[in-house]
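Asker: Please read through the structure below; I'll follow up with questions.
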Amino acid sequence: MKEKDIDFLILQYLKKKGYSHAEQVFRVQSNLDQAVAEELTGKQGQSHSLDTDAGLQDLLFCVAAEANPQAYVDSFDQLAAWADSSLDLYRMELQRVLYPVFVHVYLQLVQYGASHVAADLLKQYRRRLVEVGGRQSSIRAQELNELQAVAVAQHLDAHPFAKAARSSRSTLLLSAYSFELLMHYLQGRKQWLLLSILNSHVRFELHEGLPLLDAAAAGDDEGAGLLQGQAGHDVGAINTTPLDLGLLRDGTEDAYATQKLQEEEERLAKQTAGASAAAAAAAAEDGFTEAFGNDMLEDGAPLSAAAQQASAAAKRLKAVRDKALAAAKAKQKEILESRRMPMIPLLPAHEKLKKSQRDDLEARVQLHPPDNLPSAAFFSILNSQQTLTSMTVSPDTKLVAAGFSDSSLRLYHLALLGKQRGKLGERAEKRAAGLLPQAGAKRARGAAHRGEAGDGMDVDAEEEELLEELEDLSNQQTMCLVGHSGTVNALSFSVDQQLLFSASSDSTVRLWSTELRKGLAAYRGHVYPVWDVAACPHGSYLVSGGSDRTARLWSTEHARPLRIYAGHQSDVDSVAWHPNSQYIATGSSDRTVRLWDVGTGACVRLMSAQSACPTCLAFSPDGRQLAAGTEDGSVSVYDLGSARRMALLEGHTGPVWSAAYSRGSGSLLATGGADRTLRLFSMPACDNILDAINQELAAAAAGDPAGADAAAGGGASGAGRASGTGIAAGAAAAGTRGAAQHAGAGTAGVGAAGGSAAAGSHHAGGAVPQYQPYQLLRTFTTQATPVIHVGFSPRNLLLAGGPWSLQPPSRQARPGGGQ
Amino acid sequence: MAANAAAGTAPSSSSAAGRHTDLPSDAVAVRNILKTMGVEQHEPRVVNMLLDFVYSYVSGVLSDAAAYAEQVGRPAGEVENEDVVLAVQTRAQLSFVPQPPVELVRSLADQVNNRRLPEFDPRAGFGLRVPPDEHLLVQPNWRINVAAHQQGHAQRGTH
């Protein structure tokens with residue numbers, strides 16, 4: 001270390017402290033040449049090379065810099081200029097270094113009290129920093145906005161972003177040569193301030209080879225923000241944990257499929273027996289005629305030929321059917337082998353539930369992307385534009401539950417609602433047709449009768465009866481459940497729809513009984529608002545996620561949580577159960593989606609959701625894929641085994657509030673969002689045991705006209721039930737006021753009914769037409785109602801709901817006022 | 001609409017740009033804060049709500065600070081920086097409770113996750129599985145205080 005440098009620094013220190021006397025003495029005694037001293041004072045803030053320990057270095061840097069925040073600004077300007085002027089090959093990588101350095105320079109300036117200098121710097125560089133890979137990065141824009149709010153040194157401890165930035169290390173991926181270039185520059189130009197920042201706040205990951213030119217390839221999209229790479233070093237370890245994603249053994253669908261296969265086997269055996277009996281009878285006749293002789297030969301010949309043909313045909317059919325049956329059995333075995341045992345205690349389902357599930361399976365419509373689209377019912381809740389926060393439909397589609405921001409829940413009994421409307425509608429019709437006397441006339445007569453001044457408040461006896469009935473029924477059609485003391489954020493029915501779970505901002509999760517219409521229990525554990533709750537597909541568990549960054553597993557029998565899933569950096573916004581009930585997915589505001597093992601509580605997958613927070617999650621029916629809808633309208637589909645993103649579905653222009661896969665083969669994904677649309681996307685079909693068996697049998701039946709009729713009959717009976725449920729759904733939709741506006745959904749219903757009739761012919765056709773996955777198939781827009789809930793019933797009826805809203809103000813401002 | 005909302009207050013003497021001339025300076029300040037925080041559109045009532053919050057928060061802090069100052073022995077009405085800082089810190093612990101630190105949550109989670117998942121009690125059969133009676137909401141949470149009642153009887157004397 002040059003003595004002159006040390007002297008200079010001491011001189012600066014004395015000057016800064018105002019020890020003029022000591023400064024003069026020092027100057028004299030150290031024999032500092034005046035010219036040299038002036039030259040050195042000219043280079044403000046630039047310290048010279050120091051070989052001594054880092055502590056002394058840092059102290060001197062601080063001293064040097066504190067006097068002059070401009071030093072930071074100059075250093076940064078020079079770095080930016082240098083990065084811009086470097087060779088094209090390295091420029092992109094070097095420019096990526098600027099963002100973390102900028103953030104920390106800003107924070108240092110704020111710490112030293114030079115907040116206007118910091119603000120000027122921000123203004124100067126903002127536009128340039130927000131651009132990443134040629135387009136605006138929303139994370140960076142957000143972070144820069146937050147940075148702008150940090151203006152005083154006290155904010156550094158209080159502001160979450162500032163605190164996180166100063167306490168963590170961000171990761172930068174650079175090629176080895178770019179790193180060398182950077183170090184040469186910084187050390188050569190003696191930019192100690194920037195070096196100290198890089199030392200303490202940035203971690204470099206070097207990779208061999210050429211610098212990455214493509215911003216996307218360099219992971220810039222995901223890592224554009226400052227705080228992205230915090231869990232970077234253990235993501236790799238997390239994402240290679242072995243997973244067992246198969247469905248559970250002894251499921252209702254498997255049992256149903258086995259039963260169906262057995263029935264098919266018996267039926268085919270009978271048919272072949274019948275055919276061979278017919279052939280034998282024909283042969284017997286033939287033998288009879290032959291025995292009787294030649295005069296019947298002309299008639300006998302075609303008979304024998306026919307008999308021969310019949311027996312040959314019978315043999316062919318038998319061969320084909322046996323092959324089909326064998327193929328179906330092989331497929332069933334293959335699928336059943338992928339089933340697994342549960343690792344957590346689960347209750348076996350009771351018979352009533354199993355029976356209703358079997359009925360649903362029998363009536364389930366098979367949905368197939370280009371033409372077989374579902375029937376849909378949309379429930380609009382009136383007078384709830386500012387207050388409706390959550391909605392869900394029970395598995396048997398008899399109840400709709402809605403949660404409001406005034407902390408109440410309402411249960412709507414759909415069948416009763418429809419019936420009541422029918423009665424009122426009838427009376428209204430009759431009155432309009434003049435069959436009933438006008439209400440006013442009757443009241444006047446009644447008043448005259450009683451000799452009172454007719455103030456119009458008397459109602460005649462008949463109407464009174466009807467009103468009483470209405471009051472009674474209205475207690476059952478719409479039940480208001482009160483118990484929470486904060487907004488109800490999420491609702492979930494249990495599988496046997498006896499229980500309803502609700503999550504609220506008052507930090508409790510409550511259990512309600514749907515039959516008793518009463519609140520039974522409150523689960524307290526989150527001390528912060530609970531954002532989402534989900535009921536286990538196999539039993540008495542529920543999972544809730546809240547603002548305390550954890551998700552908790554509860555059993556309905558215990559008041560304390562059984563498992564706590566901690567690991568997210570920010571609120572847990574959504575939770576979902578895997579179809580085999582052994583894994584849970586959580587989406588959080590830290591822009592990641594995690595998969596947890598229910599029993600052990602360990603995180604087994606960590607997937608980043610690009611630049612937006614995931615708002616809803618949906619598992620595919622076979623449990624291998626997970627769809628996550630985000631705040632910026634994109635839906636990411638992840639493959640859980642490899643933790644990679646399979647597809648990014650664009651389409652929505654606002655946050656996606658709800659997503660659901662269709663049942664069975666999961667070939668459709670329905671999403672609803674704040675942009676007031678309901679969209680259908682095609683997905684790759686999953687392995688579904690029923691569909692596989694049906695396909696095999698139908699393919700075989702293609703060669704056999706009798707079999708084709710049977711298969712078409714089977715398909716058509718499914719279609720018949722489908723159109724039955726379609727009509728029922730239409731009636732339910734008509735029962736709510738919003739149906740008139742959702743004509744789109746109505747026509748979809750009609751189209752689907754026609755489509756499902758075509759399904760039968762498809763099966764008879766044998767080959768399943770291929771379709772392109774991950775495509776946007778349909779968009780249904782409502783006038784102004786955001787879609788907050790989307791789901792498929794067990795019979796593949798598409799259900800959606802939202803708060804009915806008026807048209808947005810921009811459209812209302814038209815002078816003509818046309819509506 | 002903002003003008004109507006602020007109609008009751010005295011108009012600001014400062015001449016701000018166009019539509020701000022009839023807003024009090026506090027409201028203008030709040031509007032500017034919203035702008036710097038990146039809020040592009042907001043309903044006019046937001047300004048009123050924020051002003052309400054600012055008033056209640058500041059008055060609460062100042063009254064706390066006055067209490068602390070009095071405790072220290074300063075003459076009534078004088079409040080020093082330190083008092084205000086102390087008042088702000090106390091309030092922050094009570095009203096704006098931060099999320100628990102990551103390490104604490106993780107250690108809690110490790111404790112909870114180590115216990116085995118309980119088996120289901122077969123006695124409940126297929127009925128509703130609900131928490132034990134003391135946690136159930138349908139149980140009465142009151143009882144008649146029998147001892148006092150009997151005492152009352154004894155005092156009045158039974159005939």
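So you can find residues: chains in the structure tokens are A, B, ... in the order shown, residues in each start at 1, and ligands are numbered from 1 in order.
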Only residues of chain B matter here; which ones have an atom within 10 Å of chain A, counting only C-alpha atoms? Give them as a ChimeraX atom specification.
Answerer: /B:33,36-38,97-103,105-122,125-139
Asker: Can you pull out every residue within 10 Å of Leu777 of chain A, counting only C-alpha atoms, but drop anything in the same chain fewer than 3 positions away, and send it as a list in words?
Answerer: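 That gives Pro369, Pro370, Asp371, Leu373, Leu668, Leu669, Ala670, Arg679, Leu680, Phe681, Ser682, Pro773 and Tyr774 of chain A.
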Asker: Hey, can you spit out that residue selection with N, CA and C atoms as a short mmCIF file (atom, residue, chain, number, x, y, z; two decimals), in the first residue's frame?
Answerer:
data_model
loop_
_atom_site.label_atom_id
_atom_site.label_comp_id
_atom_site.auth_asym_id
_atom_site.auth_seq_id
_atom_site.Cartn_x
_atom_site.Cartn_y
_atom_site.Cartn_z
N PRO A 369 -62.06 -32.86 -27.07
CA PRO A 369 -61.90 -31.50 -27.53
C PRO A 369 -62.57 -30.99 -28.80
N PRO A 370 -62.31 -31.38 -29.97
CA PRO A 370 -62.85 -30.45 -30.97
C PRO A 370 -64.38 -30.37 -30.95
N ASP A 371 -65.08 -31.52 -30.80
CA ASP A 371 -66.54 -31.42 -30.93
C ASP A 371 -67.29 -31.72 -29.65
N LEU A 373 -67.87 -30.83 -26.52
CA LEU A 373 -67.65 -29.87 -25.45
C LEU A 373 -68.78 -29.97 -24.43
N LEU A 668 -59.94 -31.44 -21.15
CA LEU A 668 -60.32 -30.04 -21.22
C LEU A 668 -59.93 -29.34 -19.93
N LEU A 669 -59.49 -28.08 -20.06
CA LEU A 669 -59.25 -27.27 -18.89
C LEU A 669 -60.12 -26.04 -19.03
N ALA A 670 -60.97 -25.80 -18.02
CA ALA A 670 -61.82 -24.62 -18.04
C ALA A 670 -61.23 -23.60 -17.08
N ARG A 679 -62.96 -19.63 -20.36
CA ARG A 679 -62.26 -20.17 -21.53
C ARG A 679 -62.05 -21.67 -21.37
N LEU A 680 -62.06 -22.34 -22.52
CA LEU A 680 -61.81 -23.78 -22.55
C LEU A 680 -60.53 -24.03 -23.33
N PHE A 681 -59.61 -24.80 -22.73
CA PHE A 681 -58.37 -25.16 -23.40
C PHE A 681 -58.33 -26.67 -23.56
N SER A 682 -57.70 -27.12 -24.64
CA SER A 682 -57.57 -28.57 -24.81
C SER A 682 -56.30 -29.02 -24.11
N PRO A 773 -53.18 -30.53 -28.37
CA PRO A 773 -53.35 -30.09 -26.99
C PRO A 773 -52.88 -28.65 -26.79
N TYR A 774 -53.19 -28.09 -25.64
CA TYR A 774 -52.79 -26.74 -25.24
C TYR A 774 -53.28 -25.67 -26.20
#
Asker: Rank nothing, just name the residue among B:Gly60, B:Pro140, B:Pro44, B:Pro24 nearest to Arg91 of chain B, using only C-alpha atoms.
Answerer: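 For Arg91 of chain B, the nearest of the given residues is B:Gly60.
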Asker: In Å, rounded to a single decimal, give me how far atom CA of Thr90 of chain B is from atom CA of Ala69 of chain B.
Answerer: 14.3 Å
Asker: Near Lys354 of chain A, within 12 Å and counting only C-alpha atoms, which residues show up once chain neighbours fewer than 4 positions away are dropped, as a PyMOL selection string?
Answerer: chain A and resi 250-256+348-350+358-361+495-496+538
Asker: Save out the residues we just selected, all heavy atoms, as a short mmCIF file (atom, residue, chain, number, x, y, z; two decimals), in the first residue's frame.
Answerer:
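Full text of part-v5.cif as output:
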data_model
loop_
_atom_site.label_atom_id
_atom_site.label_comp_id
_atom_site.auth_asym_id
_atom_site.auth_seq_id
_atom_site.Cartn_x
_atom_site.Cartn_y
_atom_site.Cartn_z
N ASP A 250 -57.99 -49.65 -5.16
CA ASP A 250 -59.38 -49.87 -4.70
C ASP A 250 -60.22 -48.61 -4.83
O ASP A 250 -61.04 -48.31 -3.97
CB ASP A 250 -59.41 -50.31 -3.23
CG ASP A 250 -58.53 -51.51 -2.99
OD1 ASP A 250 -58.43 -52.33 -3.93
OD2 ASP A 250 -57.93 -51.60 -1.92
N GLY A 251 -60.00 -47.89 -5.90
CA GLY A 251 -60.83 -46.73 -6.12
C GLY A 251 -62.17 -47.14 -6.70
O GLY A 251 -62.31 -48.23 -7.26
N THR A 252 -63.16 -46.27 -6.58
CA THR A 252 -64.49 -46.60 -7.11
C THR A 252 -64.44 -46.79 -8.62
O THR A 252 -65.10 -47.67 -9.17
CB THR A 252 -65.47 -45.47 -6.79
OG1 THR A 252 -65.23 -45.02 -5.47
CG2 THR A 252 -66.89 -45.94 -6.92
N GLU A 253 -63.65 -45.97 -9.29
CA GLU A 253 -63.62 -46.05 -10.75
C GLU A 253 -63.02 -47.37 -11.21
O GLU A 253 -63.50 -47.99 -12.15
CB GLU A 253 -62.79 -44.88 -11.31
CG GLU A 253 -63.02 -44.65 -12.76
CD GLU A 253 -62.59 -43.26 -13.20
OE1 GLU A 253 -62.26 -42.46 -12.31
OE2 GLU A 253 -62.61 -43.02 -14.41
N ASP A 254 -61.97 -47.82 -10.51
CA ASP A 254 -61.35 -49.09 -10.87
C ASP A 254 -62.34 -50.22 -10.69
O ASP A 254 -62.45 -51.10 -11.57
CB ASP A 254 -60.13 -49.35 -9.98
CG ASP A 254 -59.04 -48.31 -10.20
OD1 ASP A 254 -59.10 -47.62 -11.24
OD2 ASP A 254 -58.15 -48.21 -9.35
N ALA A 255 -63.05 -50.22 -9.56
CA ALA A 255 -64.01 -51.29 -9.30
C ALA A 255 -65.11 -51.29 -10.36
O ALA A 255 -65.52 -52.33 -10.88
CB ALA A 255 -64.62 -51.12 -7.91
N TYR A 256 -65.56 -50.08 -10.70
CA TYR A 256 -66.61 -49.96 -11.71
C TYR A 256 -66.13 -50.47 -13.06
O TYR A 256 -66.84 -51.15 -13.80
CB TYR A 256 -67.04 -48.50 -11.81
CG TYR A 256 -68.10 -48.23 -12.83
CD1 TYR A 256 -69.41 -48.61 -12.60
CD2 TYR A 256 -67.79 -47.61 -14.03
CE1 TYR A 256 -70.38 -48.38 -13.55
CE2 TYR A 256 -68.75 -47.37 -14.97
CZ TYR A 256 -70.05 -47.75 -14.73
OH TYR A 256 -71.01 -47.52 -15.67
N PRO A 348 -62.16 -45.69 4.90
CA PRO A 348 -62.77 -46.25 3.69
C PRO A 348 -64.10 -45.54 3.42
O PRO A 348 -64.79 -45.13 4.35
CB PRO A 348 -63.00 -47.72 4.07
CG PRO A 348 -63.05 -47.72 5.55
CD PRO A 348 -62.20 -46.60 6.03
N ALA A 349 -64.44 -45.41 2.14
CA ALA A 349 -65.69 -44.73 1.81
C ALA A 349 -66.87 -45.62 2.17
O ALA A 349 -66.78 -46.83 2.06
CB ALA A 349 -65.71 -44.43 0.31
N HIS A 350 -67.96 -45.02 2.62
CA HIS A 350 -69.10 -45.88 2.96
C HIS A 350 -69.99 -46.11 1.76
O HIS A 350 -69.89 -45.43 0.73
CB HIS A 350 -69.86 -45.34 4.16
CG HIS A 350 -70.45 -43.98 3.95
ND1 HIS A 350 -71.70 -43.77 3.42
CD2 HIS A 350 -69.97 -42.76 4.22
CE1 HIS A 350 -71.95 -42.48 3.40
NE2 HIS A 350 -70.92 -41.85 3.88
N ARG A 358 -70.68 -44.38 -8.25
CA ARG A 358 -70.90 -45.28 -9.38
C ARG A 358 -71.95 -44.74 -10.33
O ARG A 358 -71.82 -44.80 -11.55
CB ARG A 358 -71.36 -46.65 -8.89
CG ARG A 358 -70.30 -47.45 -8.23
CD ARG A 358 -70.90 -48.74 -7.74
NE ARG A 358 -70.33 -49.86 -8.44
CZ ARG A 358 -69.34 -50.59 -7.99
NH1 ARG A 358 -68.78 -50.29 -6.85
NH2 ARG A 358 -68.89 -51.60 -8.69
N ASP A 359 -73.02 -44.20 -9.74
CA ASP A 359 -74.06 -43.62 -10.60
C ASP A 359 -73.48 -42.48 -11.43
O ASP A 359 -73.76 -42.34 -12.63
CB ASP A 359 -75.21 -43.06 -9.76
CG ASP A 359 -75.98 -44.16 -9.06
OD1 ASP A 359 -75.87 -45.32 -9.53
OD2 ASP A 359 -76.67 -43.88 -8.07
N ASP A 360 -72.65 -41.67 -10.77
CA ASP A 360 -72.04 -40.56 -11.50
C ASP A 360 -71.16 -41.07 -12.62
O ASP A 360 -71.14 -40.52 -13.72
CB ASP A 360 -71.20 -39.69 -10.54
CG ASP A 360 -72.06 -38.88 -9.59
OD1 ASP A 360 -73.24 -38.63 -9.95
OD2 ASP A 360 -71.58 -38.49 -8.53
N LEU A 361 -70.42 -42.15 -12.35
CA LEU A 361 -69.52 -42.68 -13.37
C LEU A 361 -70.31 -43.19 -14.57
O LEU A 361 -69.92 -42.99 -15.71
CB LEU A 361 -68.68 -43.83 -12.79
CG LEU A 361 -67.52 -43.41 -11.92
CD1 LEU A 361 -66.90 -44.62 -11.26
CD2 LEU A 361 -66.48 -42.70 -12.75
N VAL A 495 -66.19 -34.53 0.22
CA VAL A 495 -66.57 -35.41 -0.89
C VAL A 495 -67.99 -35.94 -0.72
O VAL A 495 -68.73 -36.09 -1.68
CB VAL A 495 -65.62 -36.61 -0.99
CG1 VAL A 495 -65.90 -37.39 -2.25
CG2 VAL A 495 -64.20 -36.15 -0.99
N ASP A 496 -68.39 -36.22 0.53
CA ASP A 496 -69.74 -36.74 0.74
C ASP A 496 -70.74 -35.61 0.95
O ASP A 496 -71.85 -35.83 1.39
CB ASP A 496 -69.75 -37.67 1.95
CG ASP A 496 -69.22 -36.97 3.20
OD1 ASP A 496 -68.89 -35.78 3.11
OD2 ASP A 496 -69.14 -37.63 4.25
N HIS A 538 -60.44 -37.97 -0.38
CA HIS A 538 -60.68 -39.30 0.17
C HIS A 538 -61.14 -39.29 1.60
O HIS A 538 -61.23 -40.34 2.20
CB HIS A 538 -59.39 -40.12 0.12
CG HIS A 538 -59.12 -40.66 -1.24
ND1 HIS A 538 -58.23 -40.07 -2.09
CD2 HIS A 538 -59.65 -41.69 -1.89
CE1 HIS A 538 -58.23 -40.75 -3.21
NE2 HIS A 538 -59.07 -41.74 -3.11
#
